[in-house]
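Next up, final_19.txt (compact mmCIF, C-alpha atoms):
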```
# COMPACT_ATOMS: atom_id res chain seq x y z
CA MET L 2 -119.87 73.53 49.64
CA SER L 3 -119.98 71.63 46.32
CA MET L 4 -120.47 68.43 48.34
CA VAL L 5 -123.92 69.71 49.30
CA TYR L 6 -124.92 69.56 45.64
CA PHE L 7 -123.54 66.04 45.22
CA SER L 8 -125.48 64.72 48.21
CA GLN L 9 -128.63 66.41 46.97
CA PHE L 10 -128.05 64.95 43.52
CA GLU L 11 -127.93 61.44 44.98
CA ARG L 12 -131.29 61.98 46.69
CA PHE L 13 -132.72 63.60 43.57
CA GLU L 14 -131.64 60.73 41.35
CA ARG L 15 -133.11 58.11 43.71
CA ALA L 16 -136.44 59.95 43.63
CA ALA L 17 -136.46 60.29 39.82
CA ALA L 18 -137.98 56.90 39.09
CA GLY L 19 -138.69 56.00 35.47
CA THR L 20 -136.13 58.39 34.00
CA PRO L 21 -135.15 57.51 30.38
CA ARG L 22 -131.65 56.12 30.20
CA TRP L 23 -130.39 58.86 27.89
CA LEU L 24 -131.54 61.54 30.37
CA GLN L 25 -130.05 59.65 33.27
CA ALA L 26 -126.73 59.57 31.41
CA LEU L 27 -126.96 63.31 30.70
CA ARG L 28 -127.58 64.08 34.37
CA ARG L 29 -124.71 61.94 35.60
CA SER L 30 -122.31 63.36 33.05
CA ALA L 31 -123.38 66.90 34.02
CA ILE L 32 -122.86 66.43 37.77
CA ARG L 33 -119.40 64.99 37.08
CA ARG L 34 -118.60 68.00 34.92
CA PHE L 35 -119.82 70.35 37.63
CA GLY L 36 -117.48 68.61 40.04
CA GLU L 37 -114.57 69.13 37.65
CA LEU L 38 -115.35 72.79 36.99
CA GLY L 39 -116.53 73.87 40.43
CA PHE L 40 -117.91 77.33 41.05
CA PRO L 41 -116.11 80.01 39.03
CA THR L 42 -113.87 82.56 40.71
CA THR L 43 -112.82 86.10 39.85
CA ARG L 44 -109.44 84.71 38.76
CA GLN L 45 -111.19 83.43 35.63
CA GLU L 46 -111.46 86.02 32.85
CA GLU L 47 -115.12 85.28 32.11
CA TRP L 48 -115.99 85.89 35.78
CA ARG L 49 -113.48 88.60 36.63
CA HIS L 50 -116.14 91.20 37.44
CA THR L 51 -118.74 88.88 38.98
CA ASN L 52 -118.05 87.30 42.36
CA VAL L 53 -120.25 84.27 43.03
CA ALA L 54 -118.48 83.33 46.28
CA PRO L 55 -121.53 84.24 48.44
CA LEU L 56 -123.67 81.96 46.28
CA ALA L 57 -121.11 79.16 46.44
CA LYS L 58 -120.96 79.37 50.25
CA ALA L 59 -124.76 79.30 50.74
CA ALA L 60 -126.46 76.02 51.62
CA PHE L 61 -129.35 76.04 49.15
CA GLN L 62 -131.76 73.13 49.33
CA LEU L 63 -133.57 71.75 46.32
CA ALA L 64 -137.06 73.29 46.30
CA GLU L 65 -139.98 70.96 46.99
CA PRO L 66 -142.70 70.78 44.30
CA HIS L 67 -145.56 72.57 46.06
CA ALA L 68 -147.26 75.94 45.68
CA ASN L 69 -146.00 77.49 48.95
CA GLY L 70 -149.18 79.48 49.52
CA LEU L 71 -149.42 81.14 46.10
CA THR L 72 -152.74 83.02 46.07
CA ALA L 73 -154.82 84.13 43.12
CA ARG L 74 -154.09 87.76 43.96
CA ALA L 75 -150.34 87.16 44.06
CA LEU L 76 -150.51 85.24 40.80
CA ALA L 77 -152.39 88.09 39.10
CA GLY L 78 -149.47 90.39 39.86
CA CYS L 79 -147.15 88.04 38.00
CA LEU L 80 -149.17 87.97 34.78
CA ILE L 81 -149.32 90.51 31.96
CA ALA L 82 -152.55 92.48 31.88
CA GLU L 83 -154.60 92.37 28.66
CA LEU L 84 -152.21 89.93 26.99
CA GLU L 85 -154.18 87.03 25.59
CA CYS L 86 -151.90 84.10 26.10
CA CYS L 87 -151.40 80.57 27.26
CA ASN L 88 -150.02 80.90 30.82
CA LEU L 89 -147.78 78.10 32.07
CA VAL L 90 -147.09 78.72 35.75
CA PHE L 91 -144.17 77.16 37.60
CA VAL L 92 -143.60 77.50 41.33
CA ASN L 93 -139.98 77.02 42.40
CA GLY L 94 -139.25 75.44 39.04
CA ARG L 95 -142.11 72.92 39.04
CA PHE L 96 -145.21 73.09 36.87
CA SER L 97 -148.41 74.06 38.70
CA ALA L 98 -151.42 72.89 36.69
CA GLY L 99 -153.87 74.49 39.10
CA HIS L 100 -152.45 77.96 38.53
CA SER L 101 -151.87 77.60 34.79
CA CYS L 102 -154.22 78.51 31.96
CA LEU L 103 -153.63 76.03 29.18
CA CYS L 104 -155.27 76.62 25.84
CA ALA L 105 -155.62 74.61 22.66
CA LEU L 106 -152.89 75.73 20.29
CA SER L 107 -153.43 75.74 16.55
CA GLY L 108 -151.91 73.31 14.08
CA GLY L 109 -150.88 70.64 16.56
CA ALA L 110 -148.53 72.90 18.50
CA ARG L 111 -147.79 71.95 22.11
CA ALA L 112 -146.99 73.98 25.21
CA GLY L 113 -146.77 72.34 28.58
CA SER L 114 -144.62 70.83 31.29
CA LEU L 115 -141.26 69.38 30.30
CA ALA L 116 -141.66 66.75 33.02
CA ALA L 117 -144.96 65.61 31.50
CA ALA L 118 -143.41 65.45 28.02
CA LEU L 119 -140.56 63.34 29.37
CA GLN L 120 -143.14 60.90 30.69
CA SER L 121 -145.41 60.81 27.64
CA ASP L 122 -143.00 61.17 24.71
CA PRO L 123 -139.32 61.13 25.76
CA GLY L 124 -138.18 60.19 22.26
CA ALA L 125 -139.37 63.53 20.87
CA LEU L 126 -137.09 65.39 23.32
CA GLU L 127 -133.96 63.30 23.08
CA GLU L 128 -132.74 64.94 19.86
CA HIS L 129 -132.80 68.46 21.34
CA LEU L 130 -132.82 68.49 25.14
CA ALA L 131 -129.52 69.73 26.62
CA ARG L 132 -127.88 69.50 23.17
CA TYR L 133 -127.66 73.25 22.44
CA ALA L 134 -126.65 74.42 25.92
CA PRO L 135 -124.07 71.77 26.79
CA SER L 136 -122.48 71.36 30.21
CA GLY L 137 -118.87 71.41 29.06
CA GLU L 138 -117.70 74.92 29.98
CA ASN L 139 -120.33 76.53 32.19
CA PRO L 140 -120.67 75.05 35.70
CA PHE L 141 -124.14 76.53 36.15
CA THR L 142 -125.38 74.94 32.93
CA ALA L 143 -123.89 71.66 34.15
CA LEU L 144 -125.70 72.09 37.47
CA ASN L 145 -128.98 72.79 35.68
CA THR L 146 -128.61 69.66 33.53
CA ALA L 147 -127.73 67.55 36.55
CA PHE L 148 -130.97 68.55 38.28
CA LEU L 149 -133.05 68.68 35.09
CA ALA L 150 -136.59 67.72 36.09
CA ASP L 151 -139.09 70.29 34.84
CA GLY L 152 -139.61 73.45 32.88
CA ALA L 153 -141.50 74.25 29.71
CA TYR L 154 -141.65 72.33 26.46
CA VAL L 155 -142.97 74.28 23.48
CA PHE L 156 -143.21 72.63 20.06
CA ILE L 157 -144.46 74.38 16.92
CA PRO L 158 -144.78 72.12 13.83
CA ASP L 159 -143.68 73.13 10.35
CA GLY L 160 -145.70 75.97 8.84
CA VAL L 161 -147.76 76.69 11.98
CA VAL L 162 -148.30 80.31 12.97
CA LEU L 163 -149.32 80.63 16.63
CA ASP L 164 -151.91 83.32 17.25
CA GLN L 165 -151.60 82.87 21.02
CA VAL L 166 -148.62 84.08 23.01
CA VAL L 167 -147.05 81.43 25.24
CA HIS L 168 -146.16 82.92 28.64
CA LEU L 169 -143.85 80.94 30.92
CA VAL L 170 -144.26 82.28 34.46
CA TYR L 171 -141.60 81.24 36.99
CA ILE L 172 -142.52 82.21 40.52
CA SER L 173 -140.07 81.75 43.39
CA THR L 174 -140.97 81.76 47.05
CA ALA L 175 -138.84 80.65 49.99
CA PRO L 176 -140.60 81.46 53.27
CA ASP L 177 -139.02 78.50 55.10
CA GLY L 178 -135.39 78.90 54.05
CA ALA L 179 -133.08 79.34 51.09
CA VAL L 180 -134.01 77.06 48.17
CA MET L 181 -132.81 76.55 44.63
CA SER L 182 -134.57 75.63 41.39
CA HIS L 183 -133.19 74.63 38.02
CA PRO L 184 -135.89 75.20 35.37
CA HIS L 185 -135.09 74.08 31.84
CA ASN L 186 -137.04 75.29 28.82
CA LEU L 187 -136.98 73.70 25.39
CA ILE L 188 -138.57 75.61 22.49
CA VAL L 189 -138.57 73.85 19.12
CA ALA L 190 -139.96 75.77 16.13
CA GLY L 191 -140.33 73.93 12.83
CA ARG L 192 -139.70 75.25 9.35
CA ARG L 193 -141.60 78.45 8.45
CA SER L 194 -143.35 78.48 11.82
CA GLN L 195 -143.99 81.61 13.87
CA ALA L 196 -144.41 82.12 17.62
CA SER L 197 -144.04 84.62 20.46
CA ILE L 198 -142.71 83.32 23.78
CA VAL L 199 -142.47 85.32 27.02
CA GLU L 200 -140.45 84.15 30.03
CA SER L 201 -141.16 85.85 33.36
CA TYR L 202 -139.22 85.32 36.59
CA VAL L 203 -140.87 86.78 39.67
CA GLY L 204 -140.16 86.68 43.39
CA LEU L 205 -143.22 86.86 45.65
CA ARG L 206 -141.36 88.24 48.65
CA ASP L 207 -137.93 89.51 49.59
CA ASP L 208 -136.69 85.94 50.03
CA VAL L 209 -133.24 84.46 49.55
CA TYR L 210 -133.21 81.81 46.83
CA PHE L 211 -131.27 80.67 43.78
CA THR L 212 -132.77 80.41 40.30
CA ASN L 213 -130.53 78.64 37.80
CA ALA L 214 -132.36 78.63 34.46
CA VAL L 215 -131.53 77.33 30.99
CA THR L 216 -133.57 77.97 27.84
CA GLU L 217 -132.85 76.28 24.52
CA ILE L 218 -134.45 77.66 21.34
CA VAL L 219 -134.32 75.81 18.04
CA ALA L 220 -135.59 77.84 15.07
CA GLY L 221 -135.94 75.83 11.88
CA GLU L 222 -135.51 77.09 8.34
CA GLY L 223 -137.56 80.24 7.76
CA ALA L 224 -138.97 80.26 11.31
CA VAL L 225 -139.84 83.59 12.98
CA ILE L 226 -139.47 83.58 16.77
CA GLU L 227 -139.91 86.45 19.20
CA HIS L 228 -138.61 85.71 22.69
CA THR L 229 -138.95 88.08 25.64
CA LYS L 230 -137.46 87.65 29.09
CA LEU L 231 -138.73 89.73 32.01
CA GLN L 232 -136.79 89.22 35.25
CA ARG L 233 -138.05 90.80 38.47
CA GLU L 234 -136.76 88.50 41.17
CA SER L 235 -136.35 89.29 44.86
CA GLU L 236 -133.50 91.73 45.41
CA ARG L 237 -131.93 89.15 47.76
CA ALA L 238 -132.05 86.38 45.16
CA TYR L 239 -129.42 84.92 42.87
CA HIS L 240 -130.45 84.60 39.23
CA ILE L 241 -128.12 82.79 36.83
CA ALA L 242 -129.46 82.07 33.35
CA THR L 243 -128.32 80.84 29.97
CA ILE L 244 -130.34 81.24 26.78
CA GLN L 245 -128.97 79.32 23.82
CA ALA L 246 -130.60 79.72 20.41
CA ALA L 247 -129.84 78.09 17.07
CA ALA L 248 -131.31 79.65 13.92
CA GLY L 249 -131.53 77.85 10.59
CA ALA L 250 -131.44 79.26 7.09
CA ARG L 251 -133.49 82.47 6.70
CA ALA L 252 -134.79 82.13 10.26
CA ARG L 253 -135.44 85.31 12.23
CA LEU L 254 -135.00 85.53 15.98
CA THR L 255 -135.91 88.60 18.02
CA SER L 256 -134.94 88.71 21.67
CA TYR L 257 -135.90 91.25 24.35
CA ALA L 258 -134.46 91.07 27.87
CA VAL L 259 -135.58 93.32 30.72
CA LEU L 260 -133.69 92.72 33.97
CA LEU L 261 -134.92 94.49 37.09
CA GLY L 262 -134.47 92.23 40.11
CA GLY L 263 -132.00 89.94 41.83
CA GLY L 264 -129.19 90.75 44.21
CA LEU L 265 -126.81 89.04 41.80
CA THR L 266 -127.91 88.43 38.21
CA ARG L 267 -126.01 86.93 35.33
CA ASN L 268 -127.89 86.58 32.06
CA GLU L 269 -126.08 84.98 29.16
CA LEU L 270 -127.58 84.91 25.67
CA ARG L 271 -125.92 82.97 22.85
CA VAL L 272 -127.23 82.85 19.30
CA LEU L 273 -125.83 80.57 16.61
CA LEU L 274 -126.77 81.69 13.09
CA GLU L 275 -126.06 78.34 11.51
CA GLY L 276 -128.08 78.75 8.30
CA GLU L 277 -127.51 81.05 5.34
CA GLY L 278 -129.49 84.27 5.48
CA GLY L 279 -130.38 83.99 9.17
CA GLU L 280 -131.14 87.12 11.18
CA CYS L 281 -131.31 88.05 14.85
CA ARG L 282 -132.07 91.17 16.83
CA LEU L 283 -131.13 91.34 20.50
CA ASP L 284 -132.43 94.23 22.61
CA GLY L 285 -131.95 94.45 26.35
CA LEU L 286 -132.32 96.69 29.38
CA TYR L 287 -130.86 96.20 32.85
CA LEU L 288 -131.61 98.41 35.85
CA ALA L 289 -129.62 98.09 39.06
CA LYS L 290 -129.84 100.01 42.32
CA GLY L 291 -128.61 99.70 45.89
CA THR L 292 -125.98 96.97 45.92
CA GLN L 293 -127.40 94.94 43.02
CA HIS L 294 -124.96 93.40 40.56
CA MET L 295 -126.06 92.63 36.99
CA ASP L 296 -123.86 90.80 34.51
CA THR L 297 -125.16 90.60 30.93
CA ARG L 298 -123.39 88.68 28.19
CA THR L 299 -124.30 88.19 24.56
CA THR L 300 -122.65 86.16 21.83
CA VAL L 301 -123.77 86.08 18.21
CA ASP L 302 -121.95 83.38 16.29
CA HIS L 303 -122.15 83.89 12.52
CA ALA L 304 -121.48 80.43 11.09
CA ALA L 305 -123.08 80.88 7.64
CA PRO L 306 -122.94 83.56 4.91
CA HIS L 307 -125.39 86.40 4.24
CA ALA L 308 -126.56 86.60 7.88
CA ALA L 309 -127.32 89.76 9.85
CA SER L 310 -127.44 90.64 13.52
CA ARG L 311 -128.31 93.74 15.53
CA GLN L 312 -127.71 94.26 19.24
CA LEU L 313 -128.75 97.16 21.47
CA TYR L 314 -128.33 96.84 25.23
CA LYS L 315 -128.87 99.65 27.70
CA GLY L 316 -128.03 99.83 31.38
CA ILE L 317 -129.15 102.16 34.19
CA LEU L 318 -127.20 101.97 37.44
CA ASP L 319 -127.86 103.79 40.70
CA GLY L 320 -126.67 103.70 44.29
CA ARG L 321 -123.66 101.43 44.83
CA SER L 322 -124.77 98.98 42.16
CA SER L 323 -122.47 97.43 39.60
CA GLY L 324 -122.93 96.02 36.13
CA VAL L 325 -121.13 94.14 33.40
CA PHE L 326 -121.84 94.02 29.70
CA HIS L 327 -119.77 91.71 27.51
CA GLY L 328 -120.96 91.44 23.94
CA ARG L 329 -119.25 89.26 21.34
CA ILE L 330 -119.70 89.00 17.60
CA VAL L 331 -118.01 85.96 16.09
CA VAL L 332 -117.70 85.63 12.31
CA ARG L 333 -116.42 82.28 11.09
CA PRO L 334 -114.31 81.91 7.90
CA ASP L 335 -117.23 80.75 5.74
CA ALA L 336 -119.61 83.47 6.94
CA GLN L 337 -118.92 85.92 4.13
CA GLN L 338 -121.12 89.02 3.67
CA THR L 339 -122.01 89.10 7.34
CA ASP L 340 -123.68 92.32 8.53
CA ALA L 341 -123.41 92.73 12.31
CA ARG L 342 -123.81 95.69 14.66
CA GLN L 343 -123.58 95.91 18.41
CA THR L 344 -124.24 98.88 20.72
CA ASN L 345 -124.09 99.18 24.50
CA ARG L 346 -125.11 102.38 26.29
CA ASN L 347 -125.05 102.94 30.04
CA LEU L 348 -126.45 105.65 32.28
CA LEU L 349 -124.89 106.16 35.72
CA LEU L 350 -127.16 107.94 38.19
CA SER L 351 -124.77 107.82 41.13
CA ASP L 352 -121.10 108.56 41.73
CA ASP L 353 -120.78 105.12 43.34
CA ALA L 354 -122.30 103.08 40.51
CA VAL L 355 -119.89 101.08 38.33
CA ILE L 356 -120.19 99.50 34.88
CA ASP L 357 -117.67 97.42 32.93
CA SER L 358 -118.47 97.34 29.21
CA LYS L 359 -116.55 95.13 26.81
CA PRO L 360 -117.69 94.94 23.18
CA GLN L 361 -115.75 92.36 21.22
CA LEU L 362 -115.35 91.37 17.56
CA GLU L 363 -113.78 88.11 16.40
CA ILE L 364 -113.74 88.19 12.60
CA ARG L 365 -112.25 85.42 10.49
CA ALA L 366 -113.80 86.38 7.14
CA ASP L 367 -112.78 89.23 4.85
CA ASP L 368 -116.08 90.28 3.19
CA VAL L 369 -118.05 91.56 6.17
CA ARG L 370 -119.52 94.70 7.67
CA CYS L 371 -119.22 94.65 11.46
CA THR L 372 -119.34 97.51 13.98
CA HIS L 373 -119.54 97.85 17.73
CA GLY L 374 -119.66 100.68 20.22
CA ALA L 375 -120.06 101.41 23.92
CA ALA L 376 -120.93 104.56 25.83
CA ILE L 377 -121.10 105.42 29.54
CA GLY L 378 -122.49 108.73 30.75
CA ARG L 379 -124.73 110.69 33.06
CA LEU L 380 -127.94 112.63 32.62
CA ASP L 381 -127.58 115.65 30.38
CA GLU L 382 -127.34 118.72 32.62
CA GLU L 383 -128.66 121.01 29.88
CA ALA L 384 -131.72 118.80 29.40
CA LEU L 385 -132.24 118.79 33.17
CA PHE L 386 -132.01 122.57 33.27
CA TYR L 387 -134.50 122.86 30.41
CA LEU L 388 -137.06 120.65 32.16
CA ARG L 389 -136.54 122.45 35.47
CA SER L 390 -137.10 125.78 33.71
CA ARG L 391 -140.46 124.41 32.48
CA GLY L 392 -141.69 123.81 36.02
CA LEU L 393 -140.60 120.22 36.80
CA ASP L 394 -138.87 119.60 40.10
CA GLU L 395 -135.49 117.87 40.08
CA ALA L 396 -136.82 114.37 40.84
CA ALA L 397 -139.46 114.54 38.11
CA ALA L 398 -136.97 115.88 35.56
CA ARG L 399 -134.47 113.12 36.35
CA ASN L 400 -137.16 110.45 36.20
CA LEU L 401 -138.42 111.73 32.85
CA LEU L 402 -134.97 111.69 31.27
CA THR L 403 -134.20 108.27 32.73
CA TYR L 404 -137.46 106.86 31.40
CA ALA L 405 -136.77 108.36 27.96
CA PHE L 406 -133.39 106.62 27.92
CA ALA L 407 -134.92 103.25 28.86
CA SER L 408 -138.07 103.40 26.74
CA GLU L 409 -136.15 102.93 23.49
CA ILE L 410 -136.05 99.23 24.38
CA SER L 411 -139.70 98.84 25.38
CA SER L 412 -141.00 100.85 22.43
CA ALA L 413 -139.48 98.30 20.05
CA MET L 414 -141.60 95.48 21.48
CA LYS L 415 -144.30 94.35 19.07
CA LEU L 416 -146.63 93.01 21.77
CA LYS L 417 -148.31 96.21 22.97
CA PRO L 418 -149.61 94.79 26.30
CA LEU L 419 -146.07 93.65 27.07
CA GLN L 420 -144.70 97.05 26.11
CA CYS L 421 -147.22 98.72 28.44
CA GLN L 422 -146.30 96.31 31.25
CA VAL L 423 -142.60 97.09 30.92
CA ASP L 424 -143.28 100.84 30.79
CA LEU L 425 -145.42 100.56 33.92
CA LEU L 426 -142.69 98.64 35.73
CA LEU L 427 -140.14 101.28 34.75
CA LEU L 428 -142.33 104.17 35.87
CA ASN L 429 -143.21 102.46 39.14
CA ARG L 430 -139.56 101.72 39.76
CA LEU L 431 -138.61 105.35 39.25
CA ALA L 432 -141.48 106.62 41.36
CA ARG L 433 -140.74 104.14 44.17
CA ASP L 434 -137.08 105.04 44.24
CA GLY L 435 -138.06 108.68 44.56
CA ARG L 436 -134.97 110.56 43.51
CA PRO L 437 -132.99 108.36 41.07
CA LYS L 438 -129.74 110.15 41.79
CA GLU L 439 -129.84 109.20 45.44
CA ALA L 440 -127.43 106.49 46.52
CA GLU L 441 -128.98 103.69 48.50
```

Rewrite the structure of this file - the entire thing - as structure tokens.
Amino acid sequence: MSMVYFSQFERFERAAAGTPRWLQALRRSAIRRFGELGFPTTRQEEWRHTNVAPLAKAAFQLAEPHANGLTARALAGCLIAELECCNLVFVNGRFSAGHSCLCALSGGARAGSLAAALQSDPGALEEHLARYAPSGENPFTALNTAFLADGAYVFIPDGVVLDQVVHLVYISTAPDGAVMSHPHNLIVAGRRSQASIVESYVGLRDDVYFTNAVTEIVAGEGAVIEHTKLQRESERAYHIATIQAAAGARARLTSYAVLLGGGLTRNELRVLLEGEGGECRLDGLYLAKGTQHMDTRTTVDHAAPHAASRQLYKGILDGRSSGVFHGRIVVRPDAQQTDARQTNRNLLLSDDAVIDSKPQLEIRADDVRCTHGAAIGRLDEEALFYLRSRGLDEAAARNLLTYAFASEISSAMKLKPLQCQVDLLLLNRLARDGRPKEAE
């Protein structure tokens, strides 16, 4: 089935007139690398618990750049209520100016279509684009680079503090057959700049499609970046994503990930703390039900001294769903006085739900403080009994305890409208599922 991608690449490249030579070379190198790697199998350690064979066998076609009947009402359901922001809307991976709400950003900052930036100022992108998330080891990153055409480009100059939130809204719709999109986001934050970026991935219907996304974040010296990802794709969709961030000296990166949709989801977040005194905080929540499979992977690479990282990821699994959490902390020899902590907690609501949790430390320095921990459990029967004794029925008591477990992640979000949106999604999910314990 890989030949399908090569034939589509040939058509894609012929249609991409006016492509800068450096980008053309990147694409061709990436498609060759994809051919060498092929789709991963469960015989590979990194993919042992995630079987992508159904995705590899499917004949996805490259999505055409049109709105596919996106209405104003449907769009409103994809946005975040009461959050004043600059909305960049993409339909099947392509920028839709008619549905977007672009605003003038302060201090010369830019937020817009990557395709437009490649046309107007390709030299500004050459230094960064596809340099932080290379195609060498990950076939899906290689595939994304090969079909790199559009996505978001956000640039914040030195010293600029953005008052507006930048919201990247990726909407997928496939009423006429299975399609794929390969959005690529590049976020470049200058020295001592500050910004909040939200990435949303939404499926309009219960369609079959493949979203293969890559986001690169470059945080300069002293920059403060808050990045939130909210994934609520169709439960028949495939969602594969890589987020690669590089943080300079004394930069601070905060990441929130809330994963709700997708039949098969793999979300990989890698942070390189390459400057002295850098900090990152990674919080995440994944909810799976039915036969959903969610694979979450984090890597924090401490490459410089006096850096700190904190990770808290929580999972809730119901029905016959399955999940994977693999968290790595890497401390290089020169990264003395590193302070790193990682925690993964999972709640199983069904006897048939499965989670594989693998915290991992790779320490090559001797003056560090690093800890990790993982826990897997069920709802507390004593707490359930207490709530039932206070008049709640079993479903309400279970929902309340489940929400309390999950809300630790949403309550940490600094953007209150976003926090309210996530809480609403959680409560609606619990209410819609009825009795969380029930296997689907």

List as a ChimeraX atom specification the protein and nucleic acid residues near L:Val301, meaning an atom at most 9 Å away when only C-alpha atoms are counted, but skip any in the same chain fewer than 2 places from it. /L:270-274,281,299,303,310,328-332,341

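Between L:Tyr257 and the residues L:Thr142, L:Gln165, L:Ser121, L:Ser412, the shortest atom-to-atom distance, using all atoms listed in the file, involves L:Ser412.
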
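Atom CA of L:Ala147 to atom CA of L:Val167 spans 26.3 Å [interatomic distance, one decimal].
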
Taking (-130.8, 74.5, 15.4) in the file's coordinates, which residues come within 7 Å, counting only C-alpha atoms, written as number ranges by chain? L: 219-221, 247-249

Pick the closest to L:Gln195 from L:Cys86, L:Ala110, L:Cys102, L:Ala405: which is it, counting all atoms listed in the file?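 The answer is L:Ala110, which sits nearest to L:Gln195.
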
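Pairwise distance (atom CA of L:Ala305, atom CA of L:Thr243) equals 22.9 Å.
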
Distance of atom CA of L:Thr20 from atom CA of L:Phe96, expressed in Å to one decimal place: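 Computed distance, atom CA of L:Phe96 to atom CA of L:Thr20, equals 17.5 Å.
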
My list of candidates is L:Ile241, L:Val189, L:Leu119, L:Ala98. Which is closest to L:Arg22 when distances are computed with only C-alpha atoms?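 Of L:Ile241, L:Val189, L:Leu119, L:Ala98, the one nearest L:Arg22, counting only C-alpha atoms, is L:Leu119.
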
L:Gly70, L:Gly324, L:Gly178, L:Gly223 ranked by distance to L:Gln293, top pick (using only C-alpha atoms): L:Gly324

I'd like to know which of L:Ile317, L:Gln338, L:Ala397, L:Thr297 is closest to L:Arg379, using only C-alpha atoms. L:Ile317

Nearest candidate to L:Leu103 (options L:Leu84, L:Ala57, L:Leu169, L:Met4; using all atoms listed in the file):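 Between L:Leu84, L:Ala57, L:Leu169, L:Met4, the residue approaching L:Leu103 most closely is L:Leu169.
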
If we count all atoms listed in the file and set the cut-off at 9 Å, which residues sit around L:Ala64, ignoring sequence neighbours fewer than 5 positions away in its own chain? Please answer as an MDAnalysis selection string. chainID L and resid 93:95 175 179:182

Who sits within 9 Å of L:Gly36, all atoms listed in the file, same chain under 5 positions skipped, as number ranges by chain: L: 3-4, 7, 31, 140
